>>> print(open('query.txt').read())   # compact mmCIF, C-alpha atoms and all ligand atoms
# COMPACT_ATOMS: atom_id res chain seq x y z
CA MET A 195 0.00 0.00 0.00
CA SER A 196 2.92 2.30 0.70
CA ASP A 197 3.89 2.31 -2.99
CA ALA A 198 0.47 3.65 -4.02
CA PRO A 199 0.69 7.25 -5.27
CA ALA A 200 -1.11 9.77 -3.09
CA ILE A 201 -4.36 10.80 -4.72
CA PRO A 202 -5.28 14.33 -3.58
CA GLY A 203 -8.60 14.37 -1.75
CA TYR A 204 -8.55 10.72 -0.65
CA SER A 205 -7.17 8.95 2.40
CA LEU A 206 -6.30 5.32 1.75
CA HIS A 207 -7.24 2.70 4.35
CA ARG A 208 -6.56 -0.82 3.15
CA VAL A 209 -6.21 -2.89 0.01
CA LEU A 210 -9.48 -4.48 -1.12
CA GLY A 211 -8.01 -6.48 -3.94
CA ARG A 212 -5.51 -6.62 -6.77
CA GLY A 213 -6.12 -7.39 -10.42
CA ASN A 214 -3.84 -7.55 -13.45
CA THR A 215 -4.11 -3.82 -14.10
CA SER A 216 -4.65 -2.19 -10.75
CA THR A 217 -4.93 -2.28 -6.99
CA VAL A 218 -8.22 -1.32 -5.39
CA HIS A 219 -8.12 0.40 -2.01
CA LEU A 220 -10.78 1.23 0.49
CA ALA A 221 -10.50 5.01 0.79
CA VAL A 222 -12.44 7.93 2.18
CA ASP A 223 -13.11 10.97 0.02
CA GLY A 224 -13.29 14.63 1.04
CA GLU A 225 -16.91 14.24 2.08
CA GLY A 226 -16.21 11.31 4.38
CA ARG A 227 -17.73 8.83 1.94
CA LYS A 228 -16.18 5.35 1.69
CA VAL A 229 -15.11 4.62 -1.87
CA ALA A 230 -13.29 1.89 -3.75
CA LEU A 231 -10.25 3.66 -5.17
CA LYS A 232 -8.70 1.94 -8.15
CA ILE A 233 -5.09 2.86 -8.86
CA PRO A 234 -3.29 1.38 -11.87
CA HIS A 235 -0.05 -0.57 -11.33
CA GLU A 236 3.09 1.22 -12.45
CA HIS A 237 3.57 -1.26 -15.29
CA THR A 238 -0.03 -0.66 -16.45
CA LEU A 239 0.84 2.97 -17.11
CA LYS A 240 3.94 1.97 -19.09
CA VAL A 241 2.18 -0.39 -21.49
CA GLN A 242 0.10 1.56 -23.98
CA ASP A 243 -2.66 -1.03 -24.36
CA ALA A 244 -3.06 -1.46 -20.60
CA ALA A 245 -2.95 2.29 -19.95
CA GLU A 246 -5.61 2.85 -22.61
CA ARG A 247 -7.77 0.13 -21.11
CA PHE A 248 -7.56 1.81 -17.70
CA GLY A 249 -8.34 5.24 -19.23
CA ASN A 250 -11.30 3.69 -21.03
CA GLU A 251 -12.58 2.21 -17.77
CA VAL A 252 -12.35 5.59 -16.03
CA ARG A 253 -14.12 7.51 -18.80
CA LEU A 254 -16.91 5.01 -19.32
CA THR A 255 -17.53 4.29 -15.63
CA LEU A 256 -18.06 8.03 -15.16
CA LYS A 257 -20.12 8.40 -18.30
CA PHE A 258 -22.68 5.63 -17.86
CA ARG A 259 -25.31 5.93 -15.17
CA HIS A 260 -27.56 3.08 -14.24
CA PRO A 261 -28.55 1.63 -10.87
CA ARG A 262 -27.21 -1.77 -11.94
CA LEU A 263 -23.79 -0.53 -13.02
CA VAL A 264 -21.01 0.13 -10.51
CA ARG A 265 -21.18 3.86 -10.02
CA GLY A 266 -18.17 6.05 -10.74
CA TYR A 267 -17.63 9.15 -8.58
CA ALA A 268 -14.44 10.73 -9.93
CA GLY A 269 -11.31 9.82 -11.77
CA THR A 270 -8.29 10.72 -13.83
CA PRO A 271 -7.89 8.50 -16.88
CA PHE A 272 -4.18 8.98 -17.63
CA GLY A 273 -0.89 9.96 -16.03
CA GLN A 274 0.99 9.28 -12.81
CA GLN A 275 -2.02 10.14 -10.68
CA ALA A 276 -4.54 8.12 -12.68
CA PHE A 277 -7.31 6.73 -10.51
CA LEU A 278 -10.97 5.81 -10.41
CA ALA A 279 -13.10 6.40 -7.32
CA MET A 280 -16.22 4.27 -7.37
CA GLU A 281 -18.99 2.79 -5.30
CA TYR A 282 -17.63 0.55 -2.54
CA PHE A 283 -19.04 -2.97 -2.15
CA PRO A 284 -18.02 -4.33 1.28
CA ASN A 285 -18.51 -7.97 0.22
CA GLY A 286 -16.26 -7.73 -2.84
CA ALA A 287 -16.93 -9.45 -6.15
CA LEU A 288 -19.57 -12.16 -6.65
CA SER A 289 -16.77 -14.61 -7.56
CA ASP A 290 -15.26 -14.14 -4.07
CA GLN A 291 -18.62 -14.74 -2.44
CA LEU A 292 -19.30 -17.86 -4.51
CA SER A 293 -15.91 -19.33 -3.70
CA GLN A 294 -16.80 -19.16 -0.01
CA LEU A 295 -19.91 -21.29 -0.56
CA LEU A 296 -19.37 -25.04 -0.35
CA THR A 297 -21.80 -25.82 -3.16
CA ARG A 298 -20.97 -22.66 -5.17
CA THR A 299 -24.73 -22.20 -5.59
CA LEU A 300 -26.96 -19.46 -4.25
CA PRO A 301 -30.63 -19.88 -3.39
CA VAL A 302 -32.49 -19.77 -6.73
CA GLU A 303 -34.33 -16.55 -5.91
CA ASN A 304 -31.08 -14.72 -5.13
CA ALA A 305 -29.48 -16.01 -8.30
CA LEU A 306 -32.49 -14.90 -10.39
CA GLN A 307 -32.34 -11.41 -8.88
CA ILE A 308 -28.61 -11.06 -9.57
CA LEU A 309 -29.13 -12.24 -13.14
CA ALA A 310 -32.07 -9.88 -13.66
CA ASP A 311 -29.88 -7.00 -12.46
CA VAL A 312 -27.02 -7.93 -14.78
CA ALA A 313 -29.51 -8.29 -17.66
CA SER A 314 -30.84 -4.84 -16.76
CA SER A 315 -27.34 -3.30 -16.85
CA LEU A 316 -26.76 -4.88 -20.27
CA THR A 317 -30.13 -3.69 -21.54
CA TYR A 318 -29.01 -0.17 -20.67
CA LEU A 319 -25.51 -0.49 -22.18
CA HIS A 320 -26.86 -2.01 -25.39
CA HIS A 321 -29.42 0.76 -25.62
CA GLN A 322 -26.51 3.22 -25.43
CA GLY A 323 -24.87 1.39 -28.36
CA ALA A 324 -22.16 -0.11 -26.15
CA VAL A 325 -20.88 -3.65 -25.70
CA HIS A 326 -19.45 -4.63 -22.29
CA GLN A 327 -17.29 -7.60 -23.40
CA ASP A 328 -16.43 -8.86 -19.92
CA VAL A 329 -19.53 -10.18 -18.16
CA LYS A 330 -18.34 -12.67 -15.51
CA THR A 331 -18.69 -13.26 -11.78
CA GLN A 332 -15.44 -11.36 -11.12
CA ASN A 333 -17.08 -8.20 -12.46
CA VAL A 334 -20.39 -8.44 -10.59
CA TYR A 335 -20.78 -6.81 -7.16
CA LEU A 336 -23.62 -7.27 -4.69
CA ASN A 337 -25.04 -4.73 -2.29
CA SER A 338 -26.56 -5.49 1.11
CA GLU A 339 -30.05 -5.84 -0.42
CA GLY A 340 -28.95 -8.63 -2.77
CA HIS A 341 -28.96 -6.40 -5.85
CA ALA A 342 -26.12 -6.70 -8.30
CA ALA A 343 -24.09 -4.12 -10.19
CA LEU A 344 -21.91 -4.83 -13.20
CA GLY A 345 -18.45 -3.25 -13.16
CA ASP A 346 -15.19 -3.12 -15.12
CA MET A 347 -15.71 -1.04 -18.23
CA GLY A 348 -12.11 -1.56 -19.34
CA SER A 349 -13.12 -3.51 -22.46
CA THR A 350 -16.40 -1.71 -23.11
CA TYR A 351 -16.74 0.15 -26.41
CA PHE A 352 -19.33 1.87 -28.57
CA THR A 353 -20.15 -0.21 -31.63
CA SER A 354 -20.32 2.97 -33.74
CA GLN A 355 -16.69 3.73 -32.85
CA GLY A 356 -15.36 0.17 -32.92
CA GLY A 357 -13.15 -1.41 -30.29
CA LYS A 358 -10.71 -4.17 -29.63
CA VAL A 359 -12.48 -7.53 -29.42
CA SER A 360 -11.81 -9.30 -26.14
CA GLY A 361 -13.36 -11.54 -23.50
CA SER A 362 -12.66 -14.20 -20.91
CA PRO A 363 -12.38 -17.73 -22.40
CA TYR A 364 -15.00 -19.28 -20.08
CA TYR A 365 -17.56 -16.66 -21.13
CA MET A 366 -16.56 -15.87 -24.71
CA ALA A 367 -19.08 -16.35 -27.52
CA PRO A 368 -18.37 -18.61 -30.52
CA GLU A 369 -18.07 -15.66 -32.93
CA ILE A 370 -15.23 -14.23 -30.86
CA TYR A 371 -13.41 -17.57 -30.97
CA HIS A 372 -13.90 -17.37 -34.74
CA GLY A 373 -12.17 -13.97 -34.77
CA GLU A 374 -15.34 -12.08 -35.67
CA PRO A 375 -16.49 -8.79 -34.09
CA SER A 376 -18.29 -8.80 -30.76
CA SER A 377 -21.77 -7.34 -30.39
CA SER A 378 -24.57 -7.05 -27.87
CA ALA A 379 -25.32 -10.72 -28.71
CA SER A 380 -21.83 -11.67 -27.45
CA ASP A 381 -22.70 -10.06 -24.09
CA VAL A 382 -25.96 -12.03 -24.11
CA TYR A 383 -23.96 -15.22 -24.61
CA SER A 384 -21.77 -14.36 -21.59
CA LEU A 385 -24.95 -13.67 -19.62
CA GLY A 386 -26.15 -17.15 -20.64
CA ILE A 387 -22.94 -18.64 -19.19
CA LEU A 388 -23.55 -16.65 -15.99
CA MET A 389 -27.11 -18.03 -15.83
CA TYR A 390 -25.80 -21.60 -15.94
CA GLU A 391 -23.07 -20.82 -13.47
CA LEU A 392 -25.38 -19.27 -10.88
CA LEU A 393 -28.32 -21.62 -11.33
CA SER A 394 -26.50 -24.94 -11.71
CA GLY A 395 -23.29 -24.26 -9.79
CA ASP A 396 -21.09 -24.96 -12.82
CA ARG A 397 -20.04 -23.16 -15.94
CA PRO A 398 -21.50 -25.08 -18.89
CA PHE A 399 -18.27 -25.37 -20.89
CA GLN A 400 -15.13 -26.69 -19.29
CA GLY A 401 -11.57 -27.10 -20.49
CA ASN A 402 -8.02 -26.95 -19.20
CA THR A 403 -6.68 -24.95 -22.10
CA TYR A 404 -7.87 -22.19 -24.39
CA GLU A 405 -8.19 -24.73 -27.23
CA GLU A 406 -10.31 -27.13 -25.14
CA LEU A 407 -12.59 -24.30 -24.12
CA MET A 408 -12.87 -23.14 -27.71
CA VAL A 409 -13.92 -26.63 -28.88
CA ALA A 410 -16.49 -26.79 -26.07
CA HIS A 411 -18.01 -23.40 -26.93
CA LEU A 412 -18.08 -24.15 -30.65
CA THR A 413 -19.42 -27.70 -30.61
CA ARG A 414 -21.17 -28.64 -27.34
CA PHE A 415 -24.67 -28.02 -26.04
CA PRO A 416 -25.29 -27.96 -22.31
CA VAL A 417 -28.06 -29.94 -20.62
CA ALA A 418 -31.17 -27.79 -19.96
CA LEU A 419 -30.93 -25.90 -16.67
CA SER A 420 -34.36 -27.14 -15.59
CA HIS A 421 -32.98 -30.72 -15.76
CA THR A 422 -29.89 -29.93 -13.71
CA ASN A 423 -31.84 -27.88 -11.20
CA PRO A 424 -35.62 -28.55 -11.14
CA GLN A 425 -36.14 -25.34 -9.14
CA VAL A 426 -35.22 -23.29 -12.22
CA PRO A 427 -38.41 -22.06 -13.94
CA ARG A 428 -38.86 -23.36 -17.49
CA ASN A 429 -38.96 -19.92 -19.10
CA VAL A 430 -35.60 -19.07 -17.52
CA SER A 431 -34.12 -22.41 -18.57
CA LYS A 432 -35.30 -21.78 -22.14
CA MET A 433 -33.83 -18.25 -22.17
CA ALA A 434 -30.46 -19.54 -20.94
CA GLU A 435 -30.46 -22.16 -23.68
CA LEU A 436 -31.27 -19.54 -26.33
CA ALA A 437 -28.65 -17.14 -24.93
CA LEU A 438 -26.06 -19.84 -25.65
CA ALA A 439 -27.16 -20.27 -29.28
CA LYS A 440 -24.11 -20.74 -31.47
CA ARG A 441 -25.49 -18.30 -34.05
CA VAL A 442 -25.66 -14.62 -33.09
CA ASN A 443 -29.12 -14.07 -34.61
CA ASP A 444 -30.67 -16.94 -32.66
CA ARG A 445 -30.00 -15.29 -29.29
CA PRO A 446 -32.60 -13.20 -27.43
CA THR A 447 -31.88 -9.63 -26.35
CA ALA A 448 -30.67 -8.82 -22.85
CA ASP A 449 -34.03 -7.12 -22.31
CA ALA A 450 -35.98 -10.31 -23.19
CA ILE A 451 -33.87 -12.20 -20.65
CA ARG A 452 -34.38 -9.46 -18.06
CA ARG A 453 -38.14 -9.73 -18.52
CA ALA A 454 -38.15 -13.54 -18.26
CA LEU A 455 -36.12 -13.36 -15.04
CA LEU A 456 -38.42 -10.74 -13.51
CA VAL A 457 -41.48 -12.81 -14.40
CA ALA A 458 -39.84 -15.81 -12.71
CA LEU A 459 -39.31 -13.64 -9.63
CA GLY A 460 -42.98 -12.62 -9.64
CA GLN A 461 -41.99 -9.01 -10.41
CA MET A 462 -43.60 -6.85 -13.06
CA PRO A 463 -41.18 -6.54 -16.00
CA GLU A 464 -41.54 -2.80 -16.55
CA ASP A 465 -39.91 -1.04 -19.49
CA GLU A 466 -36.64 0.63 -18.65
CA ILE A 467 -36.86 4.32 -19.45
CA TYR A 468 -33.77 6.22 -20.56
CA GLU A 469 -33.23 9.90 -21.16
CA ASP A 470 -34.31 10.04 -24.81
CA GLU A 471 -37.41 7.95 -24.14
CA ALA A 472 -38.33 10.03 -21.11
CA LYS A 473 -39.48 12.73 -23.54
CA LYS A 474 -42.30 10.48 -24.81
CA PRO A 475 -45.80 11.06 -23.35
CA ALA A 476 -46.16 9.72 -19.83
CA PRO A 477 -48.17 6.49 -19.37
CA GLU A 478 -51.58 6.56 -17.69
CA PRO A 479 -51.17 6.83 -13.93
CA ASP A 480 -52.72 4.32 -11.50
CA LYS A 481 -53.01 1.48 -14.01
CA LYS A 482 -54.05 -1.75 -12.35
CA ALA A 483 -51.81 -4.68 -13.07
CA GLY A 484 -53.82 -7.81 -12.38
CA ARG A 485 -52.83 -9.72 -9.29
CA HIS A 486 -49.74 -7.57 -8.95
CA GLY A 487 -51.89 -4.55 -8.10
CA THR A 488 -50.80 -1.09 -9.14
CA PHE A 489 -47.71 -0.64 -11.30
CA PRO A 490 -45.06 1.36 -9.52
CA PRO A 491 -44.07 4.50 -11.48
CA ARG A 492 -41.48 3.86 -14.16
CA THR A 493 -37.89 4.40 -13.24
CA ALA A 494 -36.18 7.23 -15.10
CA VAL A 495 -32.61 6.21 -15.90
CA ARG A 496 -30.42 8.92 -17.30
CA PRO A 497 -26.95 8.40 -18.67
CA GLY A 498 -24.27 10.70 -17.18
CA ASP A 499 -23.08 13.74 -19.03
CA PRO A 500 -20.14 13.37 -21.41
CA VAL A 501 -16.89 13.81 -19.53
CA PRO A 502 -13.64 15.35 -20.74
CA ALA A 503 -10.66 13.01 -21.10
CA ALA A 504 -8.60 14.68 -18.36
CA PRO A 505 -7.85 15.98 -15.82
CA LYS A 506 -9.83 14.78 -12.82
CA VAL A 507 -13.51 14.41 -13.55
CA GLU A 508 -16.23 14.36 -10.95
CA GLU A 509 -19.61 12.72 -11.18
CA LYS A 510 -22.51 15.03 -11.87
CA ARG A 511 -23.98 15.71 -8.44
CA GLY A 512 -27.69 15.84 -7.85
CA TRP A 513 -28.50 13.23 -10.45
CA ASN A 514 -30.55 10.44 -9.01
CA PRO A 515 -30.82 7.23 -11.02
CA PHE A 516 -33.89 6.20 -9.04
CA LYS A 517 -35.63 9.54 -9.68
CA ARG A 518 -39.14 8.90 -10.78
CA LYS A 519 -40.50 10.13 -14.04
CA LYS A 520 -43.12 12.80 -13.64
N1 LIG A 601 -16.10 -1.38 -6.15
C1 LIG A 601 -15.46 -2.30 -5.43
N2 LIG A 601 -15.82 -2.54 -4.13
C2 LIG A 601 -15.15 -3.47 -3.41
N3 LIG A 601 -14.12 -4.20 -3.87
C3 LIG A 601 -13.70 -3.99 -5.13
C4 LIG A 601 -14.34 -3.04 -5.98
N4 LIG A 601 -13.73 -3.05 -7.18
C5 LIG A 601 -12.75 -3.96 -7.09
N5 LIG A 601 -12.71 -4.53 -5.87
C6 LIG A 601 -11.78 -5.57 -5.39
O1 LIG A 601 -10.54 -5.39 -6.06
C7 LIG A 601 -10.21 -6.54 -6.84
C8 LIG A 601 -9.48 -6.10 -8.09
O2 LIG A 601 -10.38 -5.33 -8.90
P1 LIG A 601 -10.46 -5.56 -10.45
O3 LIG A 601 -10.61 -7.01 -10.74
O4 LIG A 601 -11.46 -4.64 -11.02
O5 LIG A 601 -8.98 -5.11 -10.86
P2 LIG A 601 -8.36 -4.98 -12.32
O6 LIG A 601 -6.88 -4.87 -12.14
O7 LIG A 601 -9.03 -3.89 -13.07
O8 LIG A 601 -8.81 -6.35 -12.96
P3 LIG A 601 -8.25 -7.09 -14.24
O9 LIG A 601 -7.43 -8.23 -13.68
O10 LIG A 601 -9.51 -7.54 -14.93
O11 LIG A 601 -7.43 -6.11 -15.04
C9 LIG A 601 -11.52 -7.24 -7.09
O12 LIG A 601 -11.35 -8.61 -7.28
C10 LIG A 601 -12.28 -6.96 -5.79
O13 LIG A 601 -11.90 -7.88 -4.78
>>> encode(input="query.txt", output="structure tokens", more="lines below")
Ligand SMILES: Nc1ncnc2c1ncn2[C@@H]1O[C@H](COP(=O)(O)OP(=O)(O)OP(=O)(O)O)[C@@H](O)[C@H]1O
Amino acid sequence: MSDAPAIPGYSLHRVLGRGNTSTVHLAVDGEGRKVALKIPHEHTLKVQDAAERFGNEVRLTLKFRHPRLVRGYAGTPFGQQAFLAMEYFPNGALSDQLSQLLTRTLPVENALQILADVASSLTYLHHQGAVHQDVKTQNVYLNSEGHAALGDMGSTYFTSQGGKVSGSPYYMAPEIYHGEPSSSASDVYSLGILMYELLSGDRPFQGNTYEELMVAHLTRFPVALSHTNPQVPRNVSKMAELALAKRVNDRPTADAIRRALLVALGQMPEDEIYEDEAKKPAPEPDKKAGRHGTFPPRTAVRPGDPVPAAPKVEEKRGWNPFKRKK
């Protein structure tokens, strides 16, 4: 911890974890708020690709705003004092939590909620024209209410601008193994892997090497989730199967999966409303929704303002992702 550069405005407490690119510290900001402070390793800053990936993560974490994405507070994308201050999750990544469970499985309801949240974050990103490219348990964080947030925007890119294709071999879609471009459907495939992992306790495709994993992803078909775990609702099992379709066009959207998961949870699958859609006429108030009673008001989700590349950028204060649409 002593080798971490001082970041003005933050006092560092302890190391929360280390990844290939950075060390994440528990820190307190000028307002006394606990934050997870990500500081790139020295070698990250020296390797252009790695430095760009970190800068990309800073810019996009601060740009996107959605209750199911890890929230960025402030950051500096490049230079010796590069950092990203973000929402702190005391229990760490979902992968850490799963590894502490003997069976590696969560109660089905918890797993469905986490998956619905990740599907919701992807619905938002895809609506923004972005592809995440790294959906996996290591990048999912849980809050104390059992809701999940997707993090790590290092590999995220806008399809209109193009980006370097990447992924993690256990979660990577067949088209990426084929050397083709990634798309929102590749994220859906990774979400399908996550569905199997959380609902059956195992990733569907195994292998000891990259080549073995590639063969598995390209040629094998996993057993239906509802067979492996009879508690998994059929519609969810079907969606997971479709998400793992070998052909891009055969996969459902993240939003279709989100809806199926919410239905399985007995929740009303409302439309997600983003800034541009918020301008459309408001729906009728006080609509009755069958046995579910009254629909709650729609959630207005607004992406953050564009941020400059450098220097330090702060989140836009006063913006509330849970703010209700009038
Ligand atoms: N917001 C957070 N709240 C709590 N702990 C966190 C948070 N972000 C990261 N961590 C902890 O820090 C560890 C390292 O973070 P992360 O994996 O994002 O680092 P990285 O260097 O960017 O990863 P990569 O190896 O993919 O480059 C995580 O495994 C987790 O334990």
>>> residues_near_ligand(input="query.txt", ligand="ligand LIG 601 (chain A)", cutoff="6 Å", atoms="all atoms listed in the file", output="list in words")
Leu210, Gly211, Arg212, Gly213, Asn214, Thr215, Ser216, Val218, Ala230, Met280, Glu281, Tyr282, Phe283, Pro284, Gly286, Ala287 and Asp346 of chain A
>>> atom_distance(input="query.txt", atom1="CA of Pro261 (chain A)", atom2="CA of Leu344 (chain A)")
9.6 Å
>>> residues_around(input="query.txt", residues="Val209 (chain A)", least_positions_apart="5", cutoff="8 Å", atoms="all atoms listed in the file", output="compact mmCIF listing (two decimals) with C-alpha atoms, in the frame of the given file")
# COMPACT_ATOMS: atom_id res chain seq x y z
CA MET A 195 0.00 0.00 0.00
CA THR A 217 -4.93 -2.28 -6.99
CA VAL A 218 -8.22 -1.32 -5.39
CA HIS A 219 -8.12 0.40 -2.01
CA LEU A 220 -10.78 1.23 0.49
>>> atom_distance(input="query.txt", atom1="CA of Asn304 (chain A)", atom2="CA of Leu392 (chain A)")
9.3 Å
>>> atom_distance(input="query.txt", atom1="CA of Gly395 (chain A)", atom2="CA of Gly373 (chain A)")
29.2 Å
>>> residues_around(input="query.txt", residues="region 459-465 of chain A", least_positions_apart="6", cutoff="7 Å", atoms="all atoms listed in the file", output="PyMOL selection string")
chain A and resi 303+306+453
>>> residues_around(input="query.txt", residues="region 397-409 of chain A", least_positions_apart="6", cutoff="7 Å", atoms="all atoms listed in the file", output="ChimeraX atom specification")
/A:363-364,371,387,390-391,416
>>> closest_residue(input="query.txt", among="A:Leu278, A:Val325, A:Val334, A:Ala418", to="Ser377 (chain A)", atoms="all atoms listed in the file")
A:Val325
>>> residues_around(input="query.txt", residues="His341 (chain A)", least_positions_apart="5", cutoff="9 Å", atoms="only C-alpha atoms", output="PyMOL selection string")
chain A and resi 262+304+307-308+311+335-336
>>> residues_near_point(input="query.txt", point="(-31.0, -6.3, -18.4)", cutoff="10 Å", atoms="all atoms listed in the file", output="ChimeraX atom specification")
/A:262,309-320,382,385,447-453,455-456,466
>>> residues_around(input="query.txt", residues="Asn429 (chain A)", least_positions_apart="4", cutoff="8 Å", atoms="all atoms listed in the file", output="PyMOL selection string")
chain A and resi 433+454+458
>>> closest_residue(input="query.txt", among="A:Ala410, A:Tyr468, A:Val430, A:Asp381", to="Arg445 (chain A)", atoms="only C-alpha atoms")
A:Asp381
>>> closest_residue(input="query.txt", among="A:Gln275, A:Thr297, A:Gln327, A:Asn443", to="Ser394 (chain A)", atoms="only C-alpha atoms")
A:Thr297
>>> closest_residue(input="query.txt", among="A:Tyr351, A:His260, A:Phe272, A:Val241", to="Ile467 (chain A)", atoms="only C-alpha atoms")
A:His260
>>> closest_residue(input="query.txt", among="A:Pro199, A:Tyr204, A:Ala343, A:Gln332", to="Arg259 (chain A)", atoms="only C-alpha atoms")
A:Ala343
